[in-house]
>>> print(open('structure_16.tsv').read())   # TSV, C-alpha atoms
chain	number	residue	atom	x	y	z
A	1	MET	CA	-96.82	-35.66	-35.96
A	2	SER	CA	-94.58	-32.62	-36.24
A	3	CYS	CA	-92.66	-32.11	-39.36
A	4	CYS	CA	-89.44	-32.17	-37.36
A	5	SER	CA	-90.20	-35.22	-35.30
A	6	SER	CA	-87.71	-37.45	-37.02
A	7	TYR	CA	-83.92	-37.22	-37.35
A	8	TYR	CA	-84.22	-36.82	-41.12
A	9	GLN	CA	-86.82	-34.16	-40.89
A	10	ARG	CA	-84.84	-32.22	-38.27
A	11	TYR	CA	-82.04	-31.58	-40.67
A	12	ARG	CA	-84.31	-31.27	-43.64
A	13	CYS	CA	-86.04	-28.44	-41.90
A	14	GLN	CA	-82.80	-26.37	-41.64
A	15	GLY	CA	-83.31	-25.04	-45.13
A	16	PHE	CA	-86.82	-23.80	-44.63
A	17	ARG	CA	-87.73	-20.58	-42.94
A	18	SER	CA	-91.48	-20.70	-43.63
A	19	GLY	CA	-94.17	-23.11	-44.54
A	20	TRP	CA	-95.38	-26.17	-42.87
A	21	CYS	CA	-91.88	-27.08	-41.55
A	22	ASN	CA	-90.67	-24.02	-39.65
A	23	GLN	CA	-89.26	-25.49	-36.44
A	24	ASN	CA	-85.55	-25.08	-35.48
A	25	PRO	CA	-83.45	-28.24	-35.55
A	26	VAL	CA	-82.12	-29.76	-32.32
A	27	ILE	CA	-78.36	-30.40	-32.33
A	28	VAL	CA	-77.04	-32.90	-29.79
A	29	THR	CA	-73.45	-32.37	-28.42
A	30	GLY	CA	-71.34	-35.51	-28.38
A	31	PRO	CA	-69.22	-36.71	-25.36
A	32	ARG	CA	-65.84	-34.99	-24.58
A	33	GLY	CA	-62.87	-36.80	-25.97
A	34	PRO	CA	-59.89	-37.92	-23.86
A	35	VAL	CA	-57.08	-35.47	-22.90
A	36	GLY	CA	-54.27	-35.55	-25.39
A	37	PRO	CA	-50.67	-36.51	-24.42
A	38	GLN	CA	-48.35	-33.92	-22.82
A	39	GLY	CA	-46.28	-32.01	-25.30
A	40	ALA	CA	-42.48	-32.17	-25.38
A	41	THR	CA	-40.47	-30.01	-22.92
A	42	GLY	CA	-39.31	-26.77	-24.43
A	43	ALA	CA	-35.62	-25.96	-24.97
A	44	THR	CA	-33.58	-24.66	-21.99
A	45	GLY	CA	-33.23	-20.91	-21.95
A	46	ALA	CA	-29.90	-19.20	-22.38
A	47	THR	CA	-27.62	-18.78	-19.29
A	48	GLY	CA	-27.85	-15.39	-17.67
A	49	ALA	CA	-24.96	-12.98	-17.61
A	50	THR	CA	-22.18	-13.57	-14.99
A	51	VAL	CA	-22.16	-11.08	-12.12
A	52	ALA	CA	-18.89	-9.21	-11.62
A	53	THR	CA	-16.58	-10.49	-8.82
A	54	GLY	CA	-16.67	-8.42	-5.65
A	55	ALA	CA	-13.68	-6.46	-4.41
A	56	THR	CA	-10.99	-8.31	-2.41
A	57	GLY	CA	-11.24	-7.81	1.35
A	58	ALA	CA	-8.60	-5.99	3.33
A	59	THR	CA	-5.52	-7.93	4.45
A	60	GLY	CA	-5.71	-9.12	8.07
A	61	ALA	CA	-3.35	-7.94	10.78
A	62	THR	CA	0.11	-9.52	10.94
A	63	GLY	CA	0.33	-12.33	13.48
A	64	ALA	CA	2.65	-12.28	16.45
A	65	ALA	CA	6.24	-13.17	15.78
A	66	ALA	CA	7.31	-16.73	16.53
A	67	LEU	CA	9.14	-17.38	19.79
A	68	SER	CA	12.81	-16.80	19.11
A	69	ASP	CA	14.48	-16.98	22.52
A	70	ALA	CA	13.96	-20.09	24.64
A	71	ILE	CA	16.01	-22.65	26.55
A	72	TYR	CA	15.43	-25.95	28.35
A	73	ALA	CA	17.60	-27.57	31.02
A	74	GLY	CA	17.03	-30.76	32.99
A	75	ALA	CA	18.35	-34.04	34.35
A	76	GLY	CA	17.40	-37.72	34.74
A	77	THR	CA	17.67	-40.16	37.62
A	78	GLN	CA	19.67	-38.92	40.63
A	79	ASN	CA	19.57	-38.58	44.42
A	80	VAL	CA	19.39	-35.02	45.73
A	81	ALA	CA	19.82	-34.06	49.37
A	82	ASN	CA	17.21	-31.93	51.13
A	83	SER	CA	17.60	-28.16	50.67
A	84	THR	CA	19.93	-28.75	47.73
A	85	VAL	CA	19.74	-27.32	44.22
A	86	ILE	CA	18.84	-30.03	41.71
A	87	PRO	CA	21.68	-30.54	39.20
A	88	ILE	CA	20.63	-29.68	35.62
A	89	SER	CA	22.32	-29.18	32.26
A	90	LYS	CA	21.25	-27.66	28.96
A	91	LEU	CA	19.09	-29.98	26.87
A	92	GLY	CA	17.92	-27.61	24.14
A	93	GLY	CA	17.30	-24.03	23.07
A	94	THR	CA	16.60	-21.73	20.15
A	95	THR	CA	19.40	-20.63	17.87
A	96	GLY	CA	21.04	-17.50	19.21
A	97	THR	CA	19.28	-17.63	22.60
A	98	THR	CA	20.41	-14.97	25.07
A	99	MET	CA	20.17	-17.45	27.96
A	100	THR	CA	22.83	-19.85	29.23
A	101	VAL	CA	23.08	-22.80	31.63
A	102	SER	CA	25.87	-23.11	34.19
A	103	GLY	CA	26.25	-24.05	37.84
A	104	ASN	CA	22.90	-25.94	37.75
A	105	ALA	CA	21.04	-22.73	36.90
A	106	ILE	CA	19.73	-20.83	33.89
A	107	THR	CA	21.02	-17.27	33.50
A	108	VAL	CA	18.57	-14.80	31.94
A	109	GLN	CA	18.88	-11.22	30.74
A	110	PRO	CA	16.55	-8.42	31.96
A	111	GLY	CA	13.05	-9.01	30.61
A	112	THR	CA	9.79	-10.91	31.07
A	113	TYR	CA	9.81	-14.71	30.90
A	114	LEU	CA	7.44	-17.67	30.93
A	115	VAL	CA	9.05	-20.21	33.26
A	116	THR	CA	7.92	-23.83	33.54
A	117	TYR	CA	9.58	-26.06	36.13
A	118	GLY	CA	8.92	-29.49	37.62
A	119	ALA	CA	10.29	-32.80	38.88
A	120	SER	CA	9.33	-36.40	39.54
A	121	GLY	CA	10.63	-38.53	42.40
A	122	SER	CA	10.20	-39.84	45.91
A	123	PRO	CA	11.83	-38.68	49.16
A	124	ASN	CA	13.69	-41.45	50.96
A	125	SER	CA	12.25	-40.80	54.43
A	126	ALA	CA	9.30	-38.43	54.07
A	127	SER	CA	5.71	-38.67	52.84
A	128	THR	CA	5.83	-35.36	50.99
A	129	PHE	CA	7.68	-34.54	47.78
A	130	ALA	CA	8.39	-30.83	47.25
A	131	ILE	CA	10.49	-28.49	45.12
A	132	GLU	CA	10.71	-24.72	44.71
A	133	LEU	CA	11.97	-22.26	42.10
A	134	GLU	CA	14.78	-19.93	43.11
A	135	GLN	CA	15.91	-16.62	41.62
A	136	ASP	CA	19.47	-15.61	42.48
A	137	GLY	CA	19.50	-18.22	45.25
A	138	ALA	CA	16.30	-17.01	46.96
A	139	PRO	CA	12.86	-18.69	46.76
A	140	VAL	CA	10.51	-17.11	44.20
A	141	PRO	CA	7.33	-16.20	46.16
A	142	ASP	CA	4.56	-18.83	45.92
A	143	SER	CA	6.70	-21.11	43.77
A	144	GLU	CA	6.85	-24.11	46.14
A	145	LEU	CA	5.18	-27.24	44.77
A	146	LYS	CA	4.25	-29.99	47.21
A	147	THR	CA	2.44	-33.33	46.92
A	148	GLN	CA	1.90	-36.54	48.86
A	149	VAL	CA	3.99	-39.50	47.81
A	150	PRO	CA	1.80	-42.36	46.43
A	151	SER	CA	1.53	-45.34	48.77
A	152	ASN	CA	2.08	-47.75	45.86
A	153	GLY	CA	5.70	-46.67	45.58
A	154	ASN	CA	5.31	-44.80	42.30
A	155	PRO	CA	7.16	-41.47	42.07
A	156	ALA	CA	5.27	-38.24	42.70
A	157	SER	CA	5.27	-35.50	40.09
A	158	VAL	CA	4.89	-31.73	40.40
A	159	SER	CA	5.08	-28.91	37.83
A	160	ASN	CA	4.07	-25.28	37.44
A	161	THR	CA	4.28	-22.33	35.02
A	162	ILE	CA	4.75	-18.74	36.16
A	163	LEU	CA	5.36	-15.33	34.62
A	164	LEU	CA	8.59	-13.79	35.86
A	165	THR	CA	10.04	-10.32	35.23
A	166	THR	CA	13.55	-9.26	36.13
A	167	ASP	CA	15.19	-5.86	35.78
A	168	ALA	CA	18.73	-7.26	35.92
A	169	LEU	CA	20.74	-10.34	35.02
A	170	ALA	CA	19.34	-13.26	37.07
A	171	THR	CA	19.78	-16.99	37.66
A	172	LEU	CA	16.97	-19.55	37.98
A	173	ASP	CA	17.24	-22.99	39.62
A	174	ILE	CA	15.05	-25.59	41.34
A	175	LYS	CA	15.67	-26.99	44.81
A	176	ASN	CA	14.58	-30.12	46.65
A	177	VAL	CA	12.61	-29.00	49.75
A	178	SER	CA	10.96	-32.32	50.61
A	179	GLY	CA	12.51	-32.45	54.10
A	180	ALA	CA	14.60	-35.46	53.12
A	181	GLN	CA	16.84	-36.74	50.37
A	182	ALA	CA	14.83	-37.40	47.22
A	183	GLY	CA	15.37	-39.98	44.55
A	184	LEU	CA	14.53	-38.11	41.36
A	185	THR	CA	13.55	-39.71	38.08
A	186	SER	CA	13.46	-36.40	36.19
A	187	ALA	CA	13.64	-32.64	36.71
A	188	GLY	CA	13.75	-29.61	34.47
A	189	ILE	CA	13.22	-25.91	33.76
A	190	SER	CA	12.14	-24.32	30.48
A	191	VAL	CA	12.32	-20.57	29.98
A	192	VAL	CA	10.78	-18.56	27.12
A	193	LYS	CA	11.49	-14.84	26.75
A	194	LEU	CA	8.33	-12.84	26.09
A	195	ALA	CA	9.66	-9.28	26.20
>>> encode(input="structure_16.tsv", output="structure tokens")
Amino acid sequence: MSCCSSYYQRYRCQGFRSGWCNQNPVIVTGPRGPVGPQGATGATGATGATVATGATGATGATGAAALSDAIYAGAGTQNVANSTVIPISKLGGTTGTTMTVSGNAITVQPGTYLVTYGASGSPNSASTFAIELEQDGAPVPDSELKTQVPSNGNPASVSNTILLTTDALATLDIKNVSGAQAGLTSAGISVVKLA
């Protein structure tokens, strides 16, 4: 039997470098132990420096001025003969407006205007309800509005908005051109000066 054949002799032999017991000891590695628990989270680092605020942007362009010159004239229920100007009166307007209402018409100064006009009603003996805008007593080109009267007896309605420019003092009115007397439930003109 070898001198290092037993556990005792293996370790006993470590102190001898010569003689009858000169074999190196055999060391056996034990099994790996379990993983230890996770350590605590470290402290939060300091907050970084604040970046300087950027420069303020340029101021935007000034918006368009509010409308300051407008007027509205109209009327309620009434019967208006064919080819007759529809009676209207002033119902509202901006303070200091340059426009006036008289003689069933709106008087405007030279300038450019946005004109909205319309009416609701039914002709007494015709199937078509129609009105037109007049300037100084003459039809404004392409201003006639025409529609078929509903068969259920409800009133017909028409309205339109146009851009109108005049170089001199002018009057604006609306006329019944249905071809027959019309029973109106409402009618009106609004005018806003643009330039």
>>> closest_residue(input="structure_16.tsv", among="A:Val158, A:Val85, A:Ala168, A:Ala187", to="Tyr72 of chain A", atoms="all atoms listed in the file")
A:Ala187
>>> residues_around(input="structure_16.tsv", residues="Asn160 of chain A", least_positions_apart="3", cutoff="8 Å", atoms="all atoms listed in the file", output="mmCIF file with C-alpha atoms, keeping the file's coordinate frame")
data_model
loop_
_atom_site.group_PDB
_atom_site.id
_atom_site.type_symbol
_atom_site.label_atom_id
_atom_site.label_comp_id
_atom_site.auth_asym_id
_atom_site.auth_seq_id
_atom_site.Cartn_x
_atom_site.Cartn_y
_atom_site.Cartn_z
ATOM 1 C CA THR A 116 7.920 -23.830 33.540
ATOM 2 C CA TYR A 117 9.580 -26.060 36.130
ATOM 3 C CA GLY A 118 8.920 -29.490 37.620
ATOM 4 C CA LEU A 145 5.180 -27.240 44.770
#
>>> atom_distance(input="structure_16.tsv", atom1="atom CA of Pro87 of chain A", atom2="atom CA of Ser68 of chain A")
25.9 Å
>>> atom_distance(input="structure_16.tsv", atom1="atom CA of Ser102 of chain A", atom2="atom CA of Ile174 of chain A")
13.2 Å
>>> closest_residue(input="structure_16.tsv", among="A:Glu132, A:Lys175, A:Val191, A:Asn82", to="Thr100 of chain A", atoms="all atoms listed in the file")
A:Val191
>>> atom_distance(input="structure_16.tsv", atom1="atom CA of Ala156 of chain A", atom2="atom CA of Val108 of chain A")
29.0 Å
>>> closest_residue(input="structure_16.tsv", among="A:Thr41, A:Thr112, A:Asn104, A:Thr50", to="Gly74 of chain A", atoms="all atoms listed in the file")
A:Asn104
>>> residues_near_point(input="structure_16.tsv", point="(12.4, -18.6, 32.4)", cutoff="10 Å", atoms="only C-alpha atoms", output="short mmCIF file (atom, residue, chain, number, x, y, z; two decimals) with C-alpha atoms, in the coordinates of the input")
data_model
loop_
_atom_site.label_atom_id
_atom_site.label_comp_id
_atom_site.auth_asym_id
_atom_site.auth_seq_id
_atom_site.Cartn_x
_atom_site.Cartn_y
_atom_site.Cartn_z
CA ALA A 70 13.96 -20.09 24.64
CA ILE A 71 16.01 -22.65 26.55
CA TYR A 72 15.43 -25.95 28.35
CA MET A 99 20.17 -17.45 27.96
CA ILE A 106 19.73 -20.83 33.89
CA THR A 107 21.02 -17.27 33.50
CA VAL A 108 18.57 -14.80 31.94
CA GLN A 109 18.88 -11.22 30.74
CA GLY A 111 13.05 -9.01 30.61
CA THR A 112 9.79 -10.91 31.07
CA TYR A 113 9.81 -14.71 30.90
CA LEU A 114 7.44 -17.67 30.93
CA VAL A 115 9.05 -20.21 33.26
CA THR A 116 7.92 -23.83 33.54
CA TYR A 117 9.58 -26.06 36.13
CA THR A 161 4.28 -22.33 35.02
CA ILE A 162 4.75 -18.74 36.16
CA LEU A 163 5.36 -15.33 34.62
CA LEU A 164 8.59 -13.79 35.86
CA THR A 165 10.04 -10.32 35.23
CA ALA A 170 19.34 -13.26 37.07
CA THR A 171 19.78 -16.99 37.66
CA LEU A 172 16.97 -19.55 37.98
CA ASP A 173 17.24 -22.99 39.62
CA ILE A 189 13.22 -25.91 33.76
CA SER A 190 12.14 -24.32 30.48
CA VAL A 191 12.32 -20.57 29.98
CA VAL A 192 10.78 -18.56 27.12
CA LYS A 193 11.49 -14.84 26.75
CA LEU A 194 8.33 -12.84 26.09
#
>>> axis_aligned_box(input="structure_16.tsv", around="segment 146-155 of chain A", padding_each_side="4 Å", output="AutoDock Vina command-line options")
--center_x 4.3 --center_y -38.9 --center_z 45.5 --size_x 13.6 --size_y 25.8 --size_z 14.8
>>> closest_residue(input="structure_16.tsv", among="A:Asp69, A:Ser157, A:Thr53, A:Ser120", to="Ser186 of chain A", atoms="only C-alpha atoms")
A:Ser120
>>> closest_residue(input="structure_16.tsv", among="A:Asp142, A:Leu91, A:Ala180, A:Ala75", to="Ser127 of chain A", atoms="only C-alpha atoms")
A:Ala180
>>> closest_residue(input="structure_16.tsv", among="A:Gly188, A:Gly60, A:Gly183, A:Gly36", to="Gly153 of chain A", atoms="all atoms listed in the file")
A:Gly183
>>> residues_near_point(input="structure_16.tsv", point="(20.7, -36.2, 48.3)", cutoff="10 Å", atoms="all atoms listed in the file", output="VMD selection string")
chain A and resid 78 to 86 123 to 124 176 180 to 184
